[in-house]
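Contents: one structure, followed by commentary.
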Amino acid sequence: MKVLWLCNLMPSIVAKALKKTATNKEGWILGMANQVMKNNDLQLALAFPVQEEAVHGEVDGIQYYGFPEDSNHPEQYDATLESALGFICEEFHPDVIHCFGTEYPHTLAMLRIKEWKSKVLVHIQGVIELYAKEYCTGLPEDVVEAATFRDVLKKDSIWQQKEKFIARGEHERDVFRLAEQVCGRTDFDKNYVAQVNPSCMYYPLNETLRPEFYGHRWDSEKCRKHSIFVAQGNYPIKGLHFMLEALATIRDAYPDVHLYVAGDCITAYGTLKEKIKLSAYGKYLRNLVQKHGLEENVTFLGSLGVGEILKQYLNSHVYVIPSVLENSPNSLGEAMLLGMPCVASRVGGIPSLATEDKEVLMYDLEDTKALAEHVLRLFEDEKYAGELGAAAAARANLTHDAQANYKMLCWIYETIAKQTERHVNK
């Protein structure tokens, strides 16, 4: 069977072959690709946006096609994508087209090509329309309306970011209206699809995580005591502002507490370049740190490779996901798979990923007092933290079972291919 994956970014296996910087994002693509290469029963091709001219080649037996798309402005639809993607399909002639990223122009473009529409499987990651509605949750009005020099220059203030999410959400709704089949993994995304397009076929499909995260286990005896890890915090939807408010309370009980945040230090203000690059959200976070005297309690780790991220999980005492909204965050799956004690906001699809109080501690969004209390409990009760982590690992080993998920994926592909074949024969 021939399957084309339409991706949001150049997959790392292609980036390495072309000697380009590989991304650590979209680890589920690497996890799935690893299973395809391991089982060797699908003929796979990868299509992805590039900023420069189109590229075409082969790596590890996998065909790849890079098509021009302005990835910096995914809120803008480009109709020329329809001809570019149509050409790729005519060249490869797939039985199934698996599209990742519901809110990106290329997914909508693929569904607008009538000849290939029935072969398309839309893979739900987030639900951008709903994210847009919650984008500014917890931020003071004056912060939402503020704009730094960087924001004005890039036309990227918090409010403008929200508007871009709204535009992407409108494209996403068009995707779900046109889609004949989608795959998801939470009650949150399933209910959304049912509301937008009741006739769309919904296939449950769990994510396979990056291969590096299988076979390791968090150990309370080896971690940095009173350390907290947050995997992302560079824009408001990830809720780092809530974590900082909670950190002030935690610090009162544990002065040595330390928060580690993966990603660039968006609060940096030491050099002229850093001052110019400071965003309104970064400025707000910086003010929170100063307000609560947390300068010695927070470290931004910069961009990390997969090995470094794995090490950070294993070295940390507690993993926290304070997001305003999530569907099925792979970072939480990774932490659970490793057996870490985890705390998460009770939003979106997170309740579908873990049993509350048994596998993950959850709290109501904006309740920073409850967030702090959960972290303090895990710091204080090592036995309970270990039990929570062990239960999380047991759940995650089922949810993220690579071989089981691959079998389900192949069954979905076969079902779509047979349906399309019957339609053609009629």
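Letters for chains follow the order of the structure tokens (A, B, ...), residue numbers begin at 1 for each chain, and ligand numbers begin at 1 in the order shown.
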Query raised in the report: Can you list, as a PyMOL selection string, every protein, DNA or RNA residue that comes within 12 Å of A:Met37 when you count only C-alpha atoms, leaving out same-chain residues fewer than 3 positions away?
Result: chain A and resi 13+30-34+40-45+59-62+406
Writing out the chosen residues with C-alpha atoms as a PDB file, in the first residue's frame:
ATOM      1  CA  ILE A  13      15.000  11.992   8.912  1.00  0.00           C
ATOM      2  CA  LEU A  30       9.334  10.172  13.973  1.00  0.00           C
ATOM      3  CA  GLY A  31       7.663   7.567  16.188  1.00  0.00           C
ATOM      4  CA  MET A  32       5.296   6.486  13.416  1.00  0.00           C
ATOM      5  CA  ALA A  33       8.001   6.568  10.753  1.00  0.00           C
ATOM      6  CA  ASN A  34      10.187   4.367  12.949  1.00  0.00           C
ATOM      7  CA  ASN A  40       8.558  -2.520   6.103  1.00  0.00           C
ATOM      8  CA  ASP A  41       5.014  -3.212   4.868  1.00  0.00           C
ATOM      9  CA  LEU A  42       4.031   0.266   3.634  1.00  0.00           C
ATOM     10  CA  GLN A  43       5.466   2.268   0.761  1.00  0.00           C
ATOM     11  CA  LEU A  44       5.756   5.669   2.410  1.00  0.00           C
ATOM     12  CA  ALA A  45       6.298   9.142   1.001  1.00  0.00           C
ATOM     13  CA  VAL A  59      16.062   8.646   2.221  1.00  0.00           C
ATOM     14  CA  ASP A  60      16.041   5.198   3.846  1.00  0.00           C
ATOM     15  CA  GLY A  61      13.675   3.951   1.136  1.00  0.00           C
ATOM     16  CA  ILE A  62      11.186   6.783   1.756  1.00  0.00           C
ATOM     17  CA  TYR A 406       0.892   0.776  14.261  1.00  0.00           C
TER      18      TYR A 406
END
**Report entry** Filtered DSSP result for stretch 58-124 of chain A, state strand (DSSP E or B), as a ChimeraX atom specification
**Finding:** /A:58-59,62-68,96-100,120-123
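Of the listed residues A:Ala231, A:Ala344, A:Val50, A:Val127, the one whose atoms come nearest to A:Asn191 is A:Val127, with distances taken using only C-alpha atoms.
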Query raised in the report: Please, what distance in Å, to one decimal, runs between atom CA of A:Glu82 and atom CA of A:Ala417?
Result: 21.8 Å
Query - Proximity to A:Gly169 - best of A:Ser157, A:Asp187, A:Glu115, A:Gly126, only C-alpha atoms - result: A:Gly126
Query raised in the report: Can you tell me, as a ChimeraX atom specification, what residues are no more than 8 Å from A:Leu259 when counting only C-alpha atoms, ignoring any on the same chain fewer than 5 positions away?
Result: /A:227-230,247,297-299
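Proximity to A:Ala392 at 10 Å, evaluated using only C-alpha atoms and with sequence-adjacent residues fewer than 4 positions away removed, yields Leu332, Gly333, Ala335, Met336, Leu337, Leu338, Gly339, Met340, Pro341, Cys342, Leu353, Ala354, Thr355, Lys358, Glu359, Val360, Gly386, Glu387, Leu388, Ala396 and Asn397 of chain A.
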Requested in this report: Find the residue from A:Thr107, A:Ile88, A:Ser279, A:Pro94 that sits nearest to A:Gln161; use only C-alpha atoms when measuring.
Outcome: A:Ser279
Query raised in the report: Hey, what's within 10 Å of A:His123 if we count only C-alpha atoms and toss same-chain stuff fewer than 2 positions away? As JSON, numbers by chain, please?
Result: {"A": [6, 98, 99, 100, 101, 102, 107, 120, 121, 125, 126, 181, 182, 183, 184, 185, 203, 205]}
Export of prior selection with N, CA, C and O atoms as a short mmCIF file (atom, residue, chain, number, x, y, z; two decimals), in the first residue's frame:
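Result went into result-v6.cif, see below:
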data_model
loop_
_atom_site.label_atom_id
_atom_site.label_comp_id
_atom_site.auth_asym_id
_atom_site.auth_seq_id
_atom_site.Cartn_x
_atom_site.Cartn_y
_atom_site.Cartn_z
N LEU A 6 1.36 14.05 4.70
CA LEU A 6 1.48 15.49 4.50
C LEU A 6 1.77 16.13 5.85
O LEU A 6 0.90 16.19 6.72
N HIS A 98 -2.36 10.86 4.45
CA HIS A 98 -2.50 11.13 5.88
C HIS A 98 -2.00 12.55 6.15
O HIS A 98 -0.80 12.83 6.04
N CYS A 99 -2.93 13.46 6.50
CA CYS A 99 -2.59 14.87 6.70
C CYS A 99 -2.46 15.21 8.18
O CYS A 99 -3.39 14.98 8.96
N PHE A 100 -1.32 15.79 8.54
CA PHE A 100 -1.09 16.23 9.91
C PHE A 100 -1.22 17.75 9.97
O PHE A 100 -0.69 18.46 9.13
N GLY A 101 -1.93 18.24 10.99
CA GLY A 101 -2.06 19.68 11.14
C GLY A 101 -3.33 20.21 10.53
O GLY A 101 -3.36 20.63 9.37
N THR A 102 -4.40 20.17 11.29
CA THR A 102 -5.71 20.55 10.76
C THR A 102 -5.80 22.03 10.40
O THR A 102 -6.63 22.40 9.56
N THR A 107 -3.32 21.34 4.42
CA THR A 107 -4.35 20.34 4.66
C THR A 107 -5.66 20.74 3.98
O THR A 107 -6.33 19.91 3.34
N VAL A 120 -8.14 11.09 1.76
CA VAL A 120 -7.50 11.87 2.82
C VAL A 120 -7.98 11.46 4.21
O VAL A 120 -9.17 11.38 4.48
N LEU A 121 -7.00 11.21 5.09
CA LEU A 121 -7.24 11.00 6.52
C LEU A 121 -6.64 12.18 7.25
O LEU A 121 -5.44 12.43 7.17
N GLN A 125 -4.45 17.08 15.84
CA GLN A 125 -3.43 17.33 16.85
C GLN A 125 -4.03 18.22 17.95
O GLN A 125 -4.33 17.77 19.03
N GLY A 126 -4.22 19.48 17.63
CA GLY A 126 -4.95 20.37 18.54
C GLY A 126 -6.28 20.73 17.90
O GLY A 126 -6.66 20.19 16.87
N GLN A 181 -12.91 11.49 6.71
CA GLN A 181 -12.42 10.63 7.79
C GLN A 181 -11.30 11.35 8.54
O GLN A 181 -10.46 12.01 7.95
N VAL A 182 -11.35 11.22 9.85
CA VAL A 182 -10.33 11.83 10.72
C VAL A 182 -9.90 10.80 11.75
O VAL A 182 -10.61 9.81 12.01
N CYS A 183 -8.74 11.01 12.36
CA CYS A 183 -8.32 10.19 13.49
C CYS A 183 -7.96 11.11 14.65
O CYS A 183 -7.39 12.17 14.46
N GLY A 184 -8.36 10.70 15.85
CA GLY A 184 -8.09 11.47 17.05
C GLY A 184 -7.90 10.55 18.22
O GLY A 184 -7.84 9.32 18.06
N ARG A 185 -7.85 11.12 19.45
CA ARG A 185 -7.54 10.25 20.60
C ARG A 185 -8.17 10.70 21.91
O ARG A 185 -7.87 10.14 22.95
N TYR A 203 -11.90 7.86 13.59
CA TYR A 203 -11.13 6.68 13.97
C TYR A 203 -10.29 7.00 15.20
O TYR A 203 -9.50 7.96 15.19
N LEU A 205 -7.10 6.73 17.37
CA LEU A 205 -5.72 6.32 17.11
C LEU A 205 -4.80 7.02 18.10
O LEU A 205 -4.65 8.24 18.06
#
Requested in this report: Skip A:Ala47 itself and residues of its chain fewer than 6 positions away, then list as a VMD selection string all residues within 6 Å of it, counting only C-alpha atoms.
Outcome: chain A and resid 6 64 to 66
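Distance-wise, atom CA of A:Phe300 and atom CA of A:Asp264 end up 6.3 Å apart.
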May I have the residues within 12 Å of A:Lys369 as a compact mmCIF listing (two decimals) with N, CA and C atoms, in the first residue's frame, using only C-alpha atoms and disregarding those fewer than 2 positions away in the same chain?
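Written file, part35.txt:
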# COMPACT_ATOMS: atom_id res chain seq x y z
N PHE A 242 0.73 31.04 34.83
CA PHE A 242 0.12 30.36 35.97
C PHE A 242 1.17 29.63 36.81
N MET A 243 2.13 29.01 36.11
CA MET A 243 3.18 28.26 36.80
C MET A 243 4.02 29.20 37.66
N LEU A 244 4.31 30.39 37.16
CA LEU A 244 5.12 31.34 37.93
C LEU A 244 4.38 31.82 39.18
N GLU A 245 3.08 32.02 39.06
CA GLU A 245 2.29 32.42 40.23
C GLU A 245 2.32 31.31 41.28
N ALA A 246 2.17 30.05 40.83
CA ALA A 246 2.21 28.91 41.76
C ALA A 246 3.60 28.74 42.35
N LEU A 247 4.63 29.03 41.55
CA LEU A 247 6.01 28.85 42.01
C LEU A 247 6.32 29.74 43.22
N ALA A 248 5.73 30.92 43.24
CA ALA A 248 5.95 31.82 44.37
C ALA A 248 5.45 31.19 45.67
N THR A 249 4.32 30.50 45.60
CA THR A 249 3.78 29.82 46.78
C THR A 249 4.65 28.63 47.17
N ILE A 250 5.09 27.87 46.18
CA ILE A 250 5.93 26.70 46.44
C ILE A 250 7.26 27.13 47.07
N TYR A 363 -5.89 19.96 38.24
CA TYR A 363 -6.45 21.11 38.95
C TYR A 363 -7.24 21.96 37.96
N ASP A 364 -8.16 22.75 38.48
CA ASP A 364 -8.94 23.66 37.64
C ASP A 364 -8.06 24.78 37.12
N LEU A 365 -8.23 25.09 35.84
CA LEU A 365 -7.45 26.16 35.22
C LEU A 365 -7.59 27.45 36.02
N GLU A 366 -6.49 28.15 36.17
CA GLU A 366 -6.37 29.42 36.89
C GLU A 366 -6.30 29.24 38.41
N ASP A 367 -6.49 28.02 38.90
CA ASP A 367 -6.40 27.79 40.35
C ASP A 367 -4.94 27.51 40.70
N LEU A 371 -2.62 24.16 42.06
CA LEU A 371 -1.41 23.72 41.35
C LEU A 371 -0.24 23.64 42.32
N ALA A 372 -0.06 24.68 43.12
CA ALA A 372 1.03 24.69 44.10
C ALA A 372 0.87 23.57 45.12
N GLU A 373 -0.35 23.35 45.59
CA GLU A 373 -0.59 22.31 46.59
C GLU A 373 -0.26 20.92 46.04
N HIS A 374 -0.57 20.68 44.78
CA HIS A 374 -0.25 19.38 44.17
C HIS A 374 1.26 19.16 44.12
N VAL A 375 1.98 20.18 43.69
CA VAL A 375 3.44 20.06 43.62
C VAL A 375 4.03 19.85 45.01
N LEU A 376 3.54 20.60 45.98
CA LEU A 376 4.03 20.46 47.35
C LEU A 376 3.77 19.06 47.89
Query - Coordinates-based distance that separates atom CA of A:Asp189 from atom CA of A:Gly349 (Å, one decimal) - result: 7.2 Å
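Each of A:Met408, A:Met1, A:Ala79, A:Leu294 was compared to A:Val257 using only C-alpha atoms, and A:Leu294 turns out to be the nearest.
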Requested in this report: List every residue of stretch 108-273 of chain A that DSSP, applied to the backbone of this structure, assigns to helix (DSSP H, G or I), and report them as a PyMOL selection string.
Outcome: chain A and resi 108-111+117-119+128-133+141-145+149-154+158-178+187-196+211-213+236-238+240-253+272-273
Query raised in the report: With only C-alpha atoms as the atoms that count, which of A:Ile321, A:Pro236, A:Arg168, A:Ala402 lies nearest to A:Thr137?
Result: A:Pro236
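Residue nearest A:Cys89 within the list A:Arg251, A:Ala146, A:Met110, A:Tyr269: A:Met110 [criterion: smallest interatomic distance, only C-alpha atoms].
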